[in-house]
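Chemist: Got a structure for you, questions after.
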Amino acid sequence: MKPFTRRRLLQGAGLTLLGASLPPLGRAQPGAAGAEGEDGAVPSRDAASPPDASPLNRYPRAVQEYYIRRVREVEQARNARRAALRTKADAERYVAEVRERFQGVFGPFPARTPLNPRITAVHERDSYRIENVIFESRPGFLVTANLYVPRNQNRPLPGVLGCCGHANSGKALTAYQLFAQGLARQGYVTLIFDPIGEGERLQYTNQRLGPKYGFGTAEHTYAGVRLTLAGEHLGTWFAWDGIRAIDYLISRPEVDPRHLGVTGNSGGGGQTTWLCALDRRITMAAPSCFVTTMRRNIENENSQDPEQFPPHLLALGLDHSDAIAAMAPNPVKILGQEKDFFDARGFEEAAARLRHLYQLLGAEQNFDSFLGDGYHGFSKSNREAMYGWFNSQTGKSHGSSEPTLRPEKADVLRCTPHGQVAELGSTSLFSLGGMQSKRWREGRNPLRGAELKRAIAATLMLPSRAGAPDYKILREAPSRGYVTPAFANYIVESEPGIPVVTIRLSQMPLPSRIPRGFKRALLYVSHRGADAEMRTDPWVRRLCAAGSDTAVFACDLRGVGDSQPRLSTPANPTKGGADYFHAGCGLLFDCPTAGQRTHDLLRLLDLLSATGHGEIHLAARGWGAIPATFAAVLHESVKQVTLKHALTSYAAIMESEDYHWPLSSLVPDVLKTFDLPDCYEQLMKKRLELIEPVSAEGVPD
């Protein structure tokens, strides 16, 4: 099947495109039910009163409370599982269980390929030397690192992998240099490497080798969101870089593989935590300022980068403490800070779980925790707690005090000529993903009919449905300036706690249940919010003027418009806004937001069908076109489909460097099986009309 380009979409056989043939403005509906006053008269509105234009956002906490309820249920079930551990054998089975589950979360990993390491500079210091190293974690995928090698000490020496947190300068950040120097002075060969998107490893650069989409968290989110379509997540790429960094570390003759530690702070604490679960060669660990509980993170609206929110984690009942448990009974000391945004209560809860597990294993001496009194960061107190822990495991007598250290200038630690692997022709994460997408697109057979429906339901993780959902009727609101003088508000619960706000337009007041007697219905699925779009968008207003023989509805699916979340997390979705945060939560539970919204819409269609609307014209714009497309394929009541500003294909997002579609619109692992053009082909039978379709680069506001 050829790729669905914009040109093909505009020329698709059987599709009406661009020039939408909209129905004439509606006429009064004879016989419409009205609300009577005490004297039996139908109350009238004051024609002089201006319509209310204040935004409707009556359910801003619905999605957040939904996830809080779900994470509490998971934690309660897993706490019961932990409480049932009574013997060493119980604990050993638990460790084996979480190891297997974490491999499922992060794997499968790619095949090991040659590291092709090279040293680009060596800097001699009083008691150690620094080697600037480049190696390949995947073919052509360059990793920049600094190796701190102690001088004048008996070899082999214990090794430590240092993981960087979120810092523009990566391995050159002062706090990260200091712990690497401190370890080297105490006799540890220490390798600290730049994560993707930091230091010298930007994946998206401009002509001056600067960040095209921002350093650190901004690039992590930009790169990680796109990976969802390939069924991958950024955490796997980070973890594989760490595993290959360990491969390089133990390849050095100076390193004793019997003593191999890993440490890091913040995002580096996250990498350390996941590596505890993934690499059995690690003999000791000290993650800093990361370990808490998933419940605390979600309740506290603590949005994180994709590599810190691994998909399937909560669906499998896993938490931060379980990653550490997967390393048991090897020695681990978790480090935190009282004033950290990673909640200290969760830190203590995780520590209590691990202490109980290690006690059952007969290795209570191999677990410890340290909570400093400061703010987020790899403080001196945390670094010294790490030194002391590693020294106690390797038999060194240095204690834990950190000597006076002096950070290097960034250019001393630079591995590349001008500071970016892009100038050396490194393969980028984007280029690798784009090539894979093209292979799938060119080798994939198009799906049709029942086969396509099964693939949609499976890929979107759609739950089963039965019957029609119940709904609430809100009291009539003041005039909103819609194309009709009256309307009704119905709140449909697609699942407990999730409101699908549905507006039914009317010529007369309508305080009652959904009127029957209309076989035809138009249902508009909003892009940002049905209320505002029905008031201000000319295309939507013309669309909703459907005539006297058609019932007109508009809806906001979860997290949109009337249930748009108002959270403390930053608003910019590229840096962790509410849309990204909740879409990430959905992936934790194996419930992608695109699938949840499709379920919302299917339940609303079930309700409309049950109230006699057997011929539904489903229309949508922008983000709303994603669930509308899937629901139109799946639901038999949909007889006509109109989509404006619909996405041309998911492959376009994978294969275009610039894209502007949010995580909530993407479907995990979809490209291996089908793409949106398969759905559009199927919808030709339902009089599909595509108006101004858009590709990856833009969704209109």
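Letters for chains follow the order of the structure tokens (A, B, ...), residue numbers begin at 1 for each chain, and ligand numbers begin at 1 in the order shown.
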Find the residues near stretch 288-294 of chain A: any atom within 7 Å, counting only C-alpha atoms, skip ones fewer than 4 places away on the same chain, and give them as a ChimeraX atom specification.
Modeler: /A:264-266,269-270,298,319-320,334-337,342-344,346-347,350,376-378
Chemist: Show which residues sit within 8 Å of stretch 602-619 of chain A, as a PyMOL selection string. Count only C-alpha atoms, and ignore same-chain residues fewer than 5 positions away.
Modeler: chain A and resi 465+467-469+492+494+500+514-525+625+628+631-632+635+637-643
Chemist: Tell me, as a PDB file with N, CA, C and O atoms, in the first residue's frame, which residues lie within 6 Å of stretch 197-207 of chain A, counting only C-alpha atoms; anything in the same chain fewer than 2 positions away does not count.
Modeler:
ATOM      1  N   ASN A 168      21.235  20.744  31.081  1.00  0.00           N
ATOM      2  CA  ASN A 168      21.646  21.074  29.715  1.00  0.00           C
ATOM      3  C   ASN A 168      23.065  20.620  29.430  1.00  0.00           C
ATOM      4  O   ASN A 168      23.370  20.126  28.347  1.00  0.00           O
ATOM      5  N   SER A 169      23.943  20.771  30.428  1.00  0.00           N
ATOM      6  CA  SER A 169      25.355  20.454  30.215  1.00  0.00           C
ATOM      7  C   SER A 169      25.677  18.986  30.454  1.00  0.00           C
ATOM      8  O   SER A 169      26.824  18.571  30.276  1.00  0.00           O
ATOM      9  N   GLY A 170      24.700  18.192  30.886  1.00  0.00           N
ATOM     10  CA  GLY A 170      24.922  16.762  31.054  1.00  0.00           C
ATOM     11  C   GLY A 170      26.052  16.455  32.016  1.00  0.00           C
ATOM     12  O   GLY A 170      26.092  16.938  33.147  1.00  0.00           O
ATOM     13  N   ASP A 194      26.639  11.294  28.853  1.00  0.00           N
ATOM     14  CA  ASP A 194      25.544  12.208  28.521  1.00  0.00           C
ATOM     15  C   ASP A 194      24.303  11.417  28.138  1.00  0.00           C
ATOM     16  O   ASP A 194      24.359  10.551  27.261  1.00  0.00           O
ATOM     17  N   PRO A 195      23.150  11.723  28.746  1.00  0.00           N
ATOM     18  CA  PRO A 195      21.911  11.104  28.268  1.00  0.00           C
ATOM     19  C   PRO A 195      21.468  11.725  26.945  1.00  0.00           C
ATOM     20  O   PRO A 195      21.953  12.790  26.534  1.00  0.00           O
ATOM     21  N   LEU A 209      24.327  23.954  15.598  1.00  0.00           N
ATOM     22  CA  LEU A 209      24.466  22.838  16.534  1.00  0.00           C
ATOM     23  C   LEU A 209      23.828  23.141  17.879  1.00  0.00           C
ATOM     24  O   LEU A 209      24.145  22.506  18.885  1.00  0.00           O
ATOM     25  N   GLY A 210      22.917  24.102  17.899  1.00  0.00           N
ATOM     26  CA  GLY A 210      22.151  24.383  19.101  1.00  0.00           C
ATOM     27  C   GLY A 210      20.879  23.553  19.140  1.00  0.00           C
ATOM     28  O   GLY A 210      20.534  22.863  18.178  1.00  0.00           O
ATOM     29  N   PRO A 211      20.153  23.607  20.241  1.00  0.00           N
ATOM     30  CA  PRO A 211      18.935  22.801  20.369  1.00  0.00           C
ATOM     31  C   PRO A 211      17.803  23.338  19.508  1.00  0.00           C
ATOM     32  O   PRO A 211      17.452  24.517  19.595  1.00  0.00           O
ATOM     33  N   LYS A 212      17.235  22.485  18.695  1.00  0.00           N
ATOM     34  CA  LYS A 212      16.117  22.889  17.839  1.00  0.00           C
ATOM     35  C   LYS A 212      14.810  22.948  18.617  1.00  0.00           C
ATOM     36  O   LYS A 212      13.954  23.781  18.349  1.00  0.00           O
ATOM     37  N   PHE A 215      16.748  21.844  25.253  1.00  0.00           N
ATOM     38  CA  PHE A 215      17.578  20.834  25.911  1.00  0.00           C
ATOM     39  C   PHE A 215      16.721  19.981  26.846  1.00  0.00           C
ATOM     40  O   PHE A 215      15.595  20.321  27.195  1.00  0.00           O
ATOM     41  N   GLY A 216      17.303  18.898  27.286  1.00  0.00           N
ATOM     42  CA  GLY A 216      16.800  18.127  28.417  1.00  0.00           C
ATOM     43  C   GLY A 216      15.349  17.729  28.312  1.00  0.00           C
ATOM     44  O   GLY A 216      14.936  17.033  27.395  1.00  0.00           O
ATOM     45  N   GLU A 219      13.462  18.244  24.953  1.00  0.00           N
ATOM     46  CA  GLU A 219      13.767  17.289  23.891  1.00  0.00           C
ATOM     47  C   GLU A 219      13.328  15.885  24.271  1.00  0.00           C
ATOM     48  O   GLU A 219      12.877  15.119  23.419  1.00  0.00           O
ATOM     49  N   GLY A 419      31.132  20.163  20.308  1.00  0.00           N
ATOM     50  CA  GLY A 419      30.155  19.988  21.370  1.00  0.00           C
ATOM     51  C   GLY A 419      28.897  19.223  21.048  1.00  0.00           C
ATOM     52  O   GLY A 419      27.995  19.152  21.890  1.00  0.00           O
ATOM     53  N   GLN A 420      28.793  18.602  19.838  1.00  0.00           N
ATOM     54  CA  GLN A 420      27.600  17.819  19.523  1.00  0.00           C
ATOM     55  C   GLN A 420      27.948  16.622  18.649  1.00  0.00           C
ATOM     56  O   GLN A 420      28.725  16.747  17.694  1.00  0.00           O
ATOM     57  N   VAL A 421      27.352  15.470  18.964  1.00  0.00           N
ATOM     58  CA  VAL A 421      27.601  14.266  18.160  1.00  0.00           C
ATOM     59  C   VAL A 421      27.058  14.415  16.748  1.00  0.00           C
ATOM     60  O   VAL A 421      27.490  13.704  15.829  1.00  0.00           O
ATOM     61  N   SER A 428      20.543   9.712  14.548  1.00  0.00           N
ATOM     62  CA  SER A 428      19.666  10.299  15.562  1.00  0.00           C
ATOM     63  C   SER A 428      18.513   9.366  15.870  1.00  0.00           C
ATOM     64  O   SER A 428      18.149   8.504  15.068  1.00  0.00           O
TER      65      SER A 428
END
Chemist: Enter the distance from atom CA of A:Lys472 to atom CA of A:Tyr490, in Å, rounded to one decimal.
Modeler: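 Computed distance, atom CA of A:Lys472 to atom CA of A:Tyr490, equals 5.5 Å.
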Chemist: If you run DSSP over the backbone, which residues in stretch 171-378 of chain A end up strand (DSSP E)? Put them as a ChimeraX atom specification.
Modeler: /A:189-193,255-265,284-288,332-337,367-372
Chemist: Compile the contact shell of A:Leu278 as a list in words: residues with an atom at most 12 Å away, counting only C-alpha atoms, same-chain residues fewer than 6 positions apart removed.
Modeler: Val98, Arg99, Glu100, Arg101, Phe102, Gln103, Gly104, Val105, Phe106, Gly107, Pro108, Phe109, Gly235, Thr236, Phe238, Ala239, Trp240, Gly242, Ile243, Ile246, Gln271, Thr272, Asp322, Ala323, Ile324, Ala325, Ala326 and Met327 of chain A
